[in-house]
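See structure below.
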Amino acid sequence: MRNSRLSDLLKSDKVDPKEAVSIQKELRENVITNNGFTQVETVGGADLAILKSENRLVCGMIVFSFPDLRIMERNWEVVDETFPYIPTLLAFREAPALIRTYAKVIKKPDILIIDGQGMAHPRKFGIACHVGVALDIPVIGIAKKRLYGEYKEPASERGSWSPLIAPSDKEIIGAVVRTKNNVKPVFVSIGHKIDLETAVKLALGCDRGYRIPEPTRQADIFVSELKRNLKN
(Lines give C-alpha, C1' and ligand atoms only; values in the text may rest on other atoms or scores of the structure.)
Protein backbone atom coordinates (compact mmCIF):
# COMPACT_ATOMS: atom_id res chain seq x y z
CA MET A 1 0.00 0.00 0.00
CA ARG A 2 1.25 3.48 -0.86
CA ASN A 3 2.09 5.49 2.24
CA SER A 4 2.07 9.24 2.82
CA ARG A 5 5.67 8.89 3.97
CA LEU A 6 6.67 7.97 0.41
CA SER A 7 6.89 11.64 -0.40
CA ASP A 8 9.76 11.81 2.09
CA LEU A 9 11.67 9.24 0.05
CA LEU A 10 11.23 11.25 -3.13
CA LYS A 11 12.66 14.31 -1.36
CA SER A 12 15.00 12.27 0.82
CA ASP A 13 17.76 14.86 0.64
CA LYS A 14 15.59 17.19 2.74
CA VAL A 15 15.38 15.10 5.94
CA ASP A 16 17.71 15.01 8.94
CA PRO A 17 19.46 11.80 10.13
CA LYS A 18 17.05 11.14 13.01
CA GLU A 19 14.05 11.45 10.72
CA ALA A 20 15.79 9.28 8.12
CA VAL A 21 16.02 6.38 10.59
CA SER A 22 12.35 6.83 11.43
CA ILE A 23 11.40 6.73 7.73
CA GLN A 24 13.32 3.48 7.22
CA LYS A 25 11.58 1.85 10.18
CA GLU A 26 8.15 2.99 9.02
CA LEU A 27 8.45 2.09 5.36
CA ARG A 28 10.24 -1.26 5.58
CA GLU A 29 6.79 -2.86 5.90
CA ASN A 30 5.99 -1.52 2.43
CA VAL A 31 8.65 -3.70 0.78
CA ILE A 32 6.96 -6.32 -1.41
CA THR A 33 8.84 -9.62 -1.46
CA ASN A 34 6.89 -11.22 -4.32
CA ASN A 35 7.57 -10.78 -8.02
CA GLY A 36 5.82 -7.75 -9.46
CA PHE A 37 6.33 -8.87 -13.07
CA THR A 38 5.50 -11.83 -15.29
CA GLN A 39 8.60 -11.85 -17.48
CA VAL A 40 11.93 -10.11 -17.73
CA GLU A 41 12.86 -8.70 -21.11
CA THR A 42 14.96 -5.76 -19.91
CA VAL A 43 17.19 -5.09 -16.90
CA GLY A 44 18.75 -1.87 -15.72
CA GLY A 45 22.01 -1.29 -13.88
CA ALA A 46 22.80 1.78 -11.80
CA ASP A 47 25.82 3.14 -9.97
CA LEU A 48 27.07 6.43 -8.53
CA ALA A 49 30.28 8.30 -7.89
CA ILE A 50 31.16 11.26 -5.71
CA LEU A 51 32.57 14.50 -7.11
CA LYS A 52 34.20 15.43 -3.81
CA SER A 53 35.64 18.78 -4.75
CA GLU A 54 32.22 19.96 -5.96
CA ASN A 55 29.99 18.26 -3.38
CA ARG A 56 27.99 16.62 -6.14
CA LEU A 57 27.02 13.09 -7.11
CA VAL A 58 27.01 11.64 -10.61
CA CYS A 59 24.67 8.73 -11.37
CA GLY A 60 24.72 6.48 -14.41
CA MET A 61 21.97 4.09 -15.46
CA ILE A 62 22.05 1.61 -18.35
CA VAL A 63 19.15 -0.43 -19.75
CA PHE A 64 19.94 -3.83 -21.28
CA SER A 65 17.91 -6.38 -23.18
CA PHE A 66 17.64 -9.67 -21.33
CA PRO A 67 18.98 -12.33 -21.45
CA ASP A 68 21.46 -11.26 -24.15
CA LEU A 69 22.41 -8.05 -22.26
CA ARG A 70 22.62 -5.76 -25.26
CA ILE A 71 22.84 -2.09 -24.26
CA MET A 72 19.64 -0.27 -25.27
CA GLU A 73 19.90 3.06 -23.47
CA ARG A 74 22.22 5.05 -21.20
CA ASN A 75 21.30 8.01 -19.03
CA TRP A 76 23.02 10.06 -16.37
CA GLU A 77 22.41 12.89 -13.95
CA VAL A 78 24.44 15.07 -11.59
CA VAL A 79 22.89 16.29 -8.33
CA ASP A 80 24.08 18.30 -5.37
CA GLU A 81 25.20 16.35 -2.32
CA THR A 82 22.85 17.56 0.43
CA PHE A 83 22.87 14.70 2.94
CA PRO A 84 26.00 13.71 4.91
CA TYR A 85 27.85 10.41 4.60
CA ILE A 86 26.35 8.21 7.34
CA PRO A 87 26.64 4.40 7.17
CA THR A 88 23.20 2.70 6.90
CA LEU A 89 21.71 6.01 5.68
CA LEU A 90 23.49 6.19 2.34
CA ALA A 91 20.17 6.05 0.50
CA PHE A 92 19.29 9.52 1.72
CA ARG A 93 22.48 10.80 0.19
CA GLU A 94 22.35 8.85 -3.08
CA ALA A 95 18.72 7.99 -3.86
CA PRO A 96 17.81 11.47 -5.17
CA ALA A 97 20.36 11.01 -7.96
CA LEU A 98 19.03 7.52 -8.77
CA ILE A 99 15.42 8.70 -8.80
CA ARG A 100 16.18 11.68 -11.04
CA THR A 101 18.22 9.54 -13.44
CA TYR A 102 15.45 6.93 -13.61
CA ALA A 103 12.99 9.69 -14.57
CA LYS A 104 15.08 10.32 -17.71
CA VAL A 105 14.97 6.68 -18.84
CA ILE A 106 12.69 6.19 -21.83
CA LYS A 107 12.61 2.38 -21.87
CA LYS A 108 11.92 1.57 -18.23
CA PRO A 109 13.57 -1.77 -17.31
CA ASP A 110 11.53 -4.67 -15.95
CA ILE A 111 14.11 -4.97 -13.14
CA LEU A 112 16.54 -2.37 -11.84
CA ILE A 113 19.76 -3.61 -10.23
CA ILE A 114 21.47 -1.22 -7.83
CA ASP A 115 25.03 -1.50 -6.54
CA GLY A 116 24.06 -1.58 -2.87
CA GLN A 117 21.92 -3.26 -0.24
CA GLY A 118 18.22 -3.96 -0.15
CA MET A 119 16.84 -5.84 2.85
CA ALA A 120 20.40 -6.81 3.84
CA HIS A 121 20.49 -3.78 6.12
CA PRO A 122 20.17 -3.29 9.90
CA ARG A 123 16.66 -1.86 9.44
CA LYS A 124 15.91 -4.01 6.37
CA PHE A 125 15.58 -0.92 4.22
CA GLY A 126 18.72 -0.21 2.23
CA ILE A 127 19.01 1.87 -0.92
CA ALA A 128 17.47 -0.79 -3.20
CA CYS A 129 14.36 -0.88 -0.98
CA HIS A 130 14.35 2.91 -0.75
CA VAL A 131 14.36 3.41 -4.52
CA GLY A 132 12.02 0.49 -5.19
CA VAL A 133 9.37 1.64 -2.72
CA ALA A 134 9.71 5.30 -3.70
CA LEU A 135 9.19 4.53 -7.40
CA ASP A 136 7.07 1.39 -6.88
CA ILE A 137 9.26 -0.68 -9.23
CA PRO A 138 11.06 -4.06 -9.00
CA VAL A 139 14.60 -3.56 -7.69
CA ILE A 140 17.45 -5.87 -6.63
CA GLY A 141 20.37 -4.83 -4.45
CA ILE A 142 23.70 -6.47 -5.31
CA ALA A 143 26.59 -5.35 -3.12
CA LYS A 144 30.28 -6.14 -3.18
CA LYS A 145 30.55 -6.26 0.62
CA ARG A 146 28.36 -7.33 3.52
CA LEU A 147 26.78 -4.53 5.49
CA TYR A 148 24.76 -6.61 7.95
CA GLY A 149 23.94 -10.25 8.65
CA GLU A 150 25.55 -13.60 9.33
CA TYR A 151 26.31 -16.35 6.83
CA LYS A 152 28.30 -19.44 6.07
CA GLU A 153 30.69 -19.22 3.16
CA PRO A 154 29.08 -20.77 0.06
CA ALA A 155 30.84 -23.49 -1.92
CA SER A 156 33.58 -22.28 -4.25
CA GLU A 157 31.74 -23.12 -7.50
CA ARG A 158 29.84 -20.51 -9.48
CA GLY A 159 26.12 -20.62 -8.67
CA SER A 160 26.60 -21.69 -5.07
CA TRP A 161 24.97 -19.51 -2.45
CA SER A 162 24.10 -19.40 1.22
CA PRO A 163 21.47 -17.40 3.12
CA LEU A 164 22.33 -14.12 4.78
CA ILE A 165 20.59 -14.06 8.15
CA ALA A 166 19.69 -11.13 10.40
CA PRO A 167 21.17 -11.83 13.85
CA SER A 168 18.31 -9.97 15.57
CA ASP A 169 15.43 -12.19 14.47
CA LYS A 170 17.05 -14.88 12.26
CA GLU A 171 15.13 -13.73 9.18
CA ILE A 172 16.76 -14.45 5.82
CA ILE A 173 17.57 -10.99 4.46
CA GLY A 174 19.68 -11.88 1.46
CA ALA A 175 21.88 -14.38 -0.30
CA VAL A 176 25.67 -14.70 -0.47
CA VAL A 177 26.20 -15.71 -4.10
CA ARG A 178 29.26 -17.07 -5.84
CA THR A 179 29.15 -15.55 -9.33
CA LYS A 180 32.53 -16.91 -10.42
CA ASN A 181 34.54 -19.95 -9.39
CA ASN A 182 36.92 -19.37 -6.48
CA VAL A 183 36.29 -15.64 -6.16
CA LYS A 184 34.64 -13.61 -3.41
CA PRO A 185 30.85 -13.78 -3.39
CA VAL A 186 28.46 -10.87 -3.85
CA PHE A 187 25.57 -10.01 -1.55
CA VAL A 188 22.14 -10.16 -3.19
CA SER A 189 19.00 -8.90 -1.50
CA ILE A 190 15.43 -7.92 -2.23
CA GLY A 191 14.83 -4.28 -2.98
CA HIS A 192 11.15 -4.33 -3.91
CA LYS A 193 8.65 -6.42 -5.90
CA ILE A 194 10.88 -9.48 -6.27
CA ASP A 195 11.53 -12.64 -4.29
CA LEU A 196 14.98 -13.72 -3.20
CA GLU A 197 15.16 -16.86 -5.33
CA THR A 198 14.39 -14.84 -8.46
CA ALA A 199 16.88 -12.17 -7.43
CA VAL A 200 19.62 -14.80 -7.17
CA LYS A 201 18.68 -16.31 -10.55
CA LEU A 202 18.79 -12.89 -12.20
CA ALA A 203 22.13 -12.06 -10.59
CA LEU A 204 23.56 -15.24 -12.10
CA GLY A 205 21.69 -14.69 -15.36
CA CYS A 206 23.41 -11.32 -15.71
CA ASP A 207 26.86 -12.82 -15.19
CA ARG A 208 29.29 -12.46 -18.09
CA GLY A 209 32.37 -14.07 -16.57
CA TYR A 210 33.05 -11.37 -13.99
CA ARG A 211 32.38 -11.30 -10.27
CA ILE A 212 30.03 -8.32 -10.62
CA PRO A 213 26.88 -8.85 -12.75
CA GLU A 214 27.09 -7.05 -16.08
CA PRO A 215 24.41 -4.36 -15.51
CA THR A 216 26.12 -2.84 -12.47
CA ARG A 217 29.62 -3.59 -13.80
CA GLN A 218 28.87 -1.59 -16.94
CA ALA A 219 27.16 1.12 -14.89
CA ASP A 220 30.32 1.43 -12.80
CA ILE A 221 32.43 1.81 -15.96
CA PHE A 222 29.98 4.39 -17.31
CA VAL A 223 30.05 6.43 -14.11
CA SER A 224 33.85 6.35 -14.03
CA GLU A 225 33.91 7.76 -17.58
CA LEU A 226 31.40 10.45 -16.64
CA LYS A 227 33.42 11.42 -13.57
CA ARG A 228 36.62 11.77 -15.62
CA ASN A 229 34.85 13.87 -18.25
CA LEU A 230 33.20 16.11 -15.68
CA LYS A 231 36.57 16.83 -14.08
CA ASN A 232 38.09 17.94 -17.39
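We name chains A, B, ... following the order of the C-alpha coordinates; residues begin at 1 in each chain, and ligands are numbered from 1 as shown.
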Review point. Hey, what does DSSP flag as alpha helix (DSSP H) within region 23-181 of chain A? Can you give it to me as a list of chain:residue names?
Key: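 Those in region 23-181 of chain A that DSSP calls alpha helix (DSSP H) are A:Ile23, A:Gln24, A:Lys25, A:Glu26, A:Leu27, A:Leu90, A:Ala91, A:Phe92, A:Arg93, A:Glu94, A:Ala95, A:Pro96, A:Ala97, A:Leu98, A:Ile99, A:Arg100, A:Thr101, A:Tyr102, A:Ala103, A:Lys104, A:Ile127, A:Ala128, A:Cys129, A:His130, A:Val131, A:Gly132, A:Val133, A:Ala134, A:Leu135.
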Practice item. Mind checking which residues fall within 9 Å of region 156-173 of chain A, counting only C-alpha atoms, ignoring those fewer than 3 positions away in the same chain, and posting them as a PyMOL selection string? Key: chain A and resi 118-122+124+148-153+176-185+187-190+196+200-201+204
List the neighbours of Leu202 (chain A) out to 12 Å using only C-alpha atoms; skip same-chain residues closer than 3 positions along the sequence, and give me the result as an mmCIF file with N, CA and C atoms, in the first residue's frame.
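around-v4.cif, written as the output of this step:
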```cif
data_model
loop_
_atom_site.group_PDB
_atom_site.id
_atom_site.type_symbol
_atom_site.label_atom_id
_atom_site.label_comp_id
_atom_site.auth_asym_id
_atom_site.auth_seq_id
_atom_site.Cartn_x
_atom_site.Cartn_y
_atom_site.Cartn_z
ATOM 1 N N GLN A 39 7.419 -11.449 -16.720
ATOM 2 C CA GLN A 39 8.595 -11.849 -17.484
ATOM 3 C C GLN A 39 9.623 -10.731 -17.436
ATOM 4 N N VAL A 40 10.854 -11.096 -17.741
ATOM 5 C CA VAL A 40 11.935 -10.110 -17.728
ATOM 6 C C VAL A 40 12.536 -10.038 -19.130
ATOM 7 N N GLU A 41 12.309 -8.927 -19.782
ATOM 8 C CA GLU A 41 12.863 -8.696 -21.112
ATOM 9 C C GLU A 41 13.936 -7.620 -21.108
ATOM 10 N N THR A 42 13.948 -6.816 -20.037
ATOM 11 C CA THR A 42 14.957 -5.763 -19.906
ATOM 12 C C THR A 42 15.396 -5.668 -18.451
ATOM 13 N N VAL A 43 16.664 -5.341 -18.244
ATOM 14 C CA VAL A 43 17.186 -5.089 -16.903
ATOM 15 C C VAL A 43 17.977 -3.785 -16.939
ATOM 16 N N GLY A 44 17.971 -3.091 -15.825
ATOM 17 C CA GLY A 44 18.745 -1.866 -15.719
ATOM 18 C C GLY A 44 19.838 -2.011 -14.677
ATOM 19 N N PHE A 66 17.363 -8.471 -22.110
ATOM 20 C CA PHE A 66 17.642 -9.671 -21.326
ATOM 21 C C PHE A 66 17.014 -10.869 -22.035
ATOM 22 N N PRO A 67 17.739 -11.982 -22.163
ATOM 23 C CA PRO A 67 18.978 -12.331 -21.454
ATOM 24 C C PRO A 67 20.285 -12.019 -22.184
ATOM 25 N N LEU A 69 21.697 -9.186 -22.857
ATOM 26 C CA LEU A 69 22.412 -8.047 -22.263
ATOM 27 C C LEU A 69 23.033 -7.126 -23.310
ATOM 28 N N ASP A 110 12.406 -3.806 -16.756
ATOM 29 C CA ASP A 110 11.530 -4.669 -15.948
ATOM 30 C C ASP A 110 12.089 -4.824 -14.537
ATOM 31 N N ILE A 111 13.416 -4.859 -14.433
ATOM 32 C CA ILE A 111 14.107 -4.968 -13.141
ATOM 33 C C ILE A 111 15.245 -3.957 -13.124
ATOM 34 N N LEU A 112 15.393 -3.253 -12.022
ATOM 35 C CA LEU A 112 16.540 -2.367 -11.841
ATOM 36 C C LEU A 112 17.478 -2.985 -10.813
ATOM 37 N N ILE A 113 18.755 -3.087 -11.148
ATOM 38 C CA ILE A 113 19.765 -3.612 -10.229
ATOM 39 C C ILE A 113 20.624 -2.448 -9.756
ATOM 40 N N VAL A 139 13.188 -3.911 -7.852
ATOM 41 C CA VAL A 139 14.596 -3.559 -7.688
ATOM 42 C C VAL A 139 15.318 -4.670 -6.931
ATOM 43 N N ILE A 140 16.556 -4.941 -7.342
ATOM 44 C CA ILE A 140 17.447 -5.866 -6.634
ATOM 45 C C ILE A 140 18.653 -5.078 -6.142
ATOM 46 N N GLY A 141 19.104 -5.370 -4.937
ATOM 47 C CA GLY A 141 20.365 -4.831 -4.454
ATOM 48 C C GLY A 141 21.450 -5.889 -4.569
ATOM 49 N N ILE A 142 22.553 -5.561 -5.213
ATOM 50 C CA ILE A 142 23.700 -6.469 -5.308
ATOM 51 C C ILE A 142 24.927 -5.692 -4.861
ATOM 52 N N GLY A 159 27.508 -20.225 -8.860
ATOM 53 C CA GLY A 159 26.118 -20.619 -8.671
ATOM 54 C C GLY A 159 25.800 -21.048 -7.256
ATOM 55 N N VAL A 177 26.217 -14.989 -2.818
ATOM 56 C CA VAL A 177 26.200 -15.708 -4.097
ATOM 57 C C VAL A 177 27.584 -15.719 -4.737
ATOM 58 N N THR A 179 29.410 -15.813 -7.918
ATOM 59 C CA THR A 179 29.148 -15.548 -9.334
ATOM 60 C C THR A 179 30.282 -16.016 -10.248
ATOM 61 N N VAL A 188 23.380 -10.431 -2.453
ATOM 62 C CA VAL A 188 22.143 -10.157 -3.188
ATOM 63 C C VAL A 188 20.994 -10.039 -2.200
ATOM 64 N N SER A 189 20.171 -9.005 -2.367
ATOM 65 C CA SER A 189 19.002 -8.899 -1.495
ATOM 66 C C SER A 189 17.833 -8.246 -2.219
ATOM 67 N N ILE A 190 16.659 -8.489 -1.687
ATOM 68 C CA ILE A 190 15.429 -7.923 -2.231
ATOM 69 C C ILE A 190 15.440 -6.417 -2.035
ATOM 70 N N ILE A 194 10.177 -8.310 -5.765
ATOM 71 C CA ILE A 194 10.885 -9.484 -6.270
ATOM 72 C C ILE A 194 11.134 -10.413 -5.098
ATOM 73 N N ASP A 195 11.174 -11.718 -5.362
ATOM 74 C CA ASP A 195 11.525 -12.644 -4.287
ATOM 75 C C ASP A 195 13.011 -12.979 -4.365
ATOM 76 N N LEU A 196 13.531 -13.518 -3.284
ATOM 77 C CA LEU A 196 14.979 -13.717 -3.195
ATOM 78 C C LEU A 196 15.469 -14.751 -4.196
ATOM 79 N N GLU A 197 14.731 -15.829 -4.380
ATOM 80 C CA GLU A 197 15.156 -16.860 -5.332
ATOM 81 C C GLU A 197 15.289 -16.282 -6.738
ATOM 82 N N THR A 198 14.319 -15.466 -7.143
ATOM 83 C CA THR A 198 14.386 -14.836 -8.463
ATOM 84 C C THR A 198 15.536 -13.847 -8.546
ATOM 85 N N ALA A 199 15.766 -13.118 -7.452
ATOM 86 C CA ALA A 199 16.876 -12.165 -7.430
ATOM 87 C C ALA A 199 18.206 -12.881 -7.646
ATOM 88 N N GLY A 205 22.043 -14.832 -13.959
ATOM 89 C CA GLY A 205 21.692 -14.686 -15.365
ATOM 90 C C GLY A 205 22.330 -13.481 -16.015
ATOM 91 N N CYS A 206 22.740 -12.517 -15.196
ATOM 92 C CA CYS A 206 23.410 -11.319 -15.706
ATOM 93 C C CYS A 206 24.928 -11.421 -15.626
ATOM 94 N N ASP A 207 25.419 -12.594 -15.291
ATOM 95 C CA ASP A 207 26.864 -12.820 -15.191
ATOM 96 C C ASP A 207 27.465 -12.977 -16.585
ATOM 97 N N PRO A 213 27.807 -8.688 -11.613
ATOM 98 C CA PRO A 213 26.883 -8.848 -12.746
ATOM 99 C C PRO A 213 27.009 -7.691 -13.743
ATOM 100 N N GLU A 214 26.803 -7.998 -15.001
ATOM 101 C CA GLU A 214 27.087 -7.055 -16.079
ATOM 102 C C GLU A 214 26.345 -5.718 -15.966
ATOM 103 N N PRO A 215 25.078 -5.673 -15.573
ATOM 104 C CA PRO A 215 24.413 -4.356 -15.514
ATOM 105 C C PRO A 215 25.102 -3.365 -14.584
#
```
**Study point:** region 91-95 of chain A surroundings by only C-alpha atoms, 7 Å radius, close-in-sequence under 6 positions cut, as a count of residues only
**Key:** 11
**Study point:** DSSP strand (DSSP E) residues within region 18-112 of chain A, as a PyMOL selection string
**Key:** chain A and resi 42-51+56-65+71-80+111-112
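In this model, the gap between CA of Val133 (chain A) and CA of Glu54 (chain A) comes to 29.5 Å.
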**Study point:** Residue nearest Gln218 (chain A) - candidates A:Ala46, A:Ala103, A:Cys129, A:Leu98, atoms counted: only C-alpha atoms
**Key:**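 Ranked by minimum distance to Gln218 (chain A), first place goes to A:Ala46.
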Review point. Taking only C-alpha atoms into account, which of A:Phe222, A:Phe125, A:Tyr210, A:Tyr102 comes nearest Ile32 (chain A)?
Key: A:Phe125
